[in-house]
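Novice: Before anything else, here's the structure in question.
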Amino acid sequence: MNVVERPSGGFSAGGGISSGITSGPLSGLIGSFAYSHRNFFGRNQKLNISLERGQIDSIFRINYTDPWIEGDDKRTSRTIII
């Protein structure tokens, strides 16, 4: 049996129109972008990065999960969210 691991991640993007409270030619436009990787560093670590942008505010998120910290015999995991 020959098992070959393929890349497991992807990009996504989107946009739309909201009932914006600002005025102008681009009133109410919103956009988003995201990247995810489900086997970061080849150890089942997960990385998600996303950005949502509107005219008034923005949201930026980074999520990182390590299901097993290397060298820890108790199989401790960690998740970091910024």
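Residue numbers start at 1 in each chain; chains themselves are named A, B, ... in the order of the structure tokens; ligands are numbered from 1 in the order shown.
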Name all residues at most 9 Å from stretch 4-21 of chain A (count only C-alpha atoms; drop same-chain ones fewer than 6 positions away) and give them as a list of chain:residue names.
Specialist: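 So the residues in contact are A:Ser27, A:Gly28, A:Leu29, A:Ile30, A:Gly31, A:Ser32, A:Phe33, A:Ala34, A:Tyr35, A:Ser36, A:His37, A:Arg38, A:Asn39, A:Phe40, A:Gly54, A:Gln55, A:Ile56.
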Novice: So which residues of chain A fall under strand (DSSP E) by DSSP, listed as a ChimeraX atom specification?
Specialist: /A:9-17,29-40,45-53,58-66,78-81
Novice: To one decimal in Å, tell me the separation between atom CA of A:Gln45 and atom CA of A:Val3.
Specialist: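 We find that atom CA of A:Gln45 and atom CA of A:Val3 lie 19.4 Å from each other.
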Novice: Would you mind telling me which residue in A:Leu51, A:Phe41, A:Asn2, A:Ser77 lies nearest to A:Thr65 when using only C-alpha atoms?
Specialist: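 Of the candidates, the smallest distance to A:Thr65 is held by A:Ser77.
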Novice: Quick one: residues within 9 Å of A:Asn63, only C-alpha atoms counted, chain neighbours fewer than 6 positions away excluded, as number ranges by chain?
Specialist: A: 46-50, 79-82
Novice: Okay, now the selection with all heavy atoms, as a PDB file, in the first residue's frame?
Specialist:
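Heads up, here's the output in selection35.pdb:
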```pdb
ATOM      1  N   LYS A  46      -3.960  22.825  12.753  1.00  0.00           N
ATOM      2  CA  LYS A  46      -4.907  23.562  11.926  1.00  0.00           C
ATOM      3  C   LYS A  46      -4.646  25.057  12.028  1.00  0.00           C
ATOM      4  O   LYS A  46      -4.432  25.583  13.108  1.00  0.00           O
ATOM      5  CB  LYS A  46      -6.331  23.247  12.364  1.00  0.00           C
ATOM      6  CG  LYS A  46      -6.689  21.788  12.143  1.00  0.00           C
ATOM      7  CD  LYS A  46      -8.000  21.430  12.814  1.00  0.00           C
ATOM      8  CE  LYS A  46      -8.330  19.981  12.648  1.00  0.00           C
ATOM      9  NZ  LYS A  46      -7.361  19.069  13.214  1.00  0.00           N
ATOM     10  N   LEU A  47      -4.678  25.734  10.881  1.00  0.00           N
ATOM     11  CA  LEU A  47      -4.486  27.173  10.820  1.00  0.00           C
ATOM     12  C   LEU A  47      -5.611  27.769   9.991  1.00  0.00           C
ATOM     13  O   LEU A  47      -5.871  27.316   8.873  1.00  0.00           O
ATOM     14  CB  LEU A  47      -3.141  27.515  10.176  1.00  0.00           C
ATOM     15  CG  LEU A  47      -2.874  29.000   9.951  1.00  0.00           C
ATOM     16  CD1 LEU A  47      -2.717  29.723  11.294  1.00  0.00           C
ATOM     17  CD2 LEU A  47      -1.642  29.192   9.095  1.00  0.00           C
ATOM     18  N   ASN A  48      -6.305  28.744  10.535  1.00  0.00           N
ATOM     19  CA  ASN A  48      -7.362  29.472   9.835  1.00  0.00           C
ATOM     20  C   ASN A  48      -7.084  30.966   9.982  1.00  0.00           C
ATOM     21  O   ASN A  48      -6.873  31.453  11.091  1.00  0.00           O
ATOM     22  CB  ASN A  48      -8.746  29.168  10.418  1.00  0.00           C
ATOM     23  CG  ASN A  48      -9.123  27.721  10.240  1.00  0.00           C
ATOM     24  OD1 ASN A  48      -9.105  27.210   9.141  1.00  0.00           O
ATOM     25  ND2 ASN A  48      -9.437  27.060  11.335  1.00  0.00           N
ATOM     26  N   ILE A  49      -7.107  31.673   8.873  1.00  0.00           N
ATOM     27  CA  ILE A  49      -6.922  33.123   8.861  1.00  0.00           C
ATOM     28  C   ILE A  49      -8.083  33.718   8.079  1.00  0.00           C
ATOM     29  O   ILE A  49      -8.384  33.248   6.971  1.00  0.00           O
ATOM     30  CB  ILE A  49      -5.586  33.520   8.194  1.00  0.00           C
ATOM     31  CG1 ILE A  49      -4.417  32.893   8.947  1.00  0.00           C
ATOM     32  CG2 ILE A  49      -5.442  35.022   8.123  1.00  0.00           C
ATOM     33  CD1 ILE A  49      -3.092  33.047   8.254  1.00  0.00           C
ATOM     34  N   SER A  50      -8.747  34.715   8.653  1.00  0.00           N
ATOM     35  CA  SER A  50      -9.866  35.328   7.933  1.00  0.00           C
ATOM     36  C   SER A  50      -9.880  36.837   8.140  1.00  0.00           C
ATOM     37  O   SER A  50      -9.434  37.347   9.164  1.00  0.00           O
ATOM     38  CB  SER A  50     -11.197  34.729   8.387  1.00  0.00           C
ATOM     39  OG  SER A  50     -11.470  35.041   9.727  1.00  0.00           O
ATOM     40  N   THR A  79      -4.823  25.632  21.673  1.00  0.00           N
ATOM     41  CA  THR A  79      -5.495  26.429  20.658  1.00  0.00           C
ATOM     42  C   THR A  79      -5.203  27.891  20.953  1.00  0.00           C
ATOM     43  O   THR A  79      -5.355  28.342  22.082  1.00  0.00           O
ATOM     44  CB  THR A  79      -7.023  26.191  20.687  1.00  0.00           C
ATOM     45  OG1 THR A  79      -7.264  24.804  20.390  1.00  0.00           O
ATOM     46  CG2 THR A  79      -7.737  27.060  19.679  1.00  0.00           C
ATOM     47  N   ILE A  80      -4.796  28.615  19.927  1.00  0.00           N
ATOM     48  CA  ILE A  80      -4.508  30.043  20.051  1.00  0.00           C
ATOM     49  C   ILE A  80      -5.449  30.781  19.108  1.00  0.00           C
ATOM     50  O   ILE A  80      -5.507  30.460  17.917  1.00  0.00           O
ATOM     51  CB  ILE A  80      -3.043  30.345  19.696  1.00  0.00           C
ATOM     52  CG1 ILE A  80      -2.096  29.572  20.612  1.00  0.00           C
ATOM     53  CG2 ILE A  80      -2.777  31.844  19.759  1.00  0.00           C
ATOM     54  CD1 ILE A  80      -0.656  29.599  20.184  1.00  0.00           C
ATOM     55  N   ILE A  81      -6.181  31.739  19.644  1.00  0.00           N
ATOM     56  CA  ILE A  81      -7.101  32.537  18.841  1.00  0.00           C
ATOM     57  C   ILE A  81      -6.755  34.006  19.046  1.00  0.00           C
ATOM     58  O   ILE A  81      -6.730  34.484  20.162  1.00  0.00           O
ATOM     59  CB  ILE A  81      -8.570  32.278  19.250  1.00  0.00           C
ATOM     60  CG1 ILE A  81      -8.907  30.791  19.085  1.00  0.00           C
ATOM     61  CG2 ILE A  81      -9.506  33.138  18.413  1.00  0.00           C
ATOM     62  CD1 ILE A  81     -10.254  30.427  19.660  1.00  0.00           C
ATOM     63  N   ILE A  82      -6.489  34.681  17.946  1.00  0.00           N
ATOM     64  CA  ILE A  82      -6.176  36.106  18.007  1.00  0.00           C
ATOM     65  C   ILE A  82      -7.220  36.847  17.187  1.00  0.00           C
ATOM     66  O   ILE A  82      -7.540  36.458  16.089  1.00  0.00           O
ATOM     67  CB  ILE A  82      -4.770  36.405  17.444  1.00  0.00           C
ATOM     68  CG1 ILE A  82      -3.739  35.665  18.270  1.00  0.00           C
ATOM     69  CG2 ILE A  82      -4.494  37.884  17.403  1.00  0.00           C
ATOM     70  CD1 ILE A  82      -2.337  35.736  17.725  1.00  0.00           C
TER      71      ILE A  82
END
```
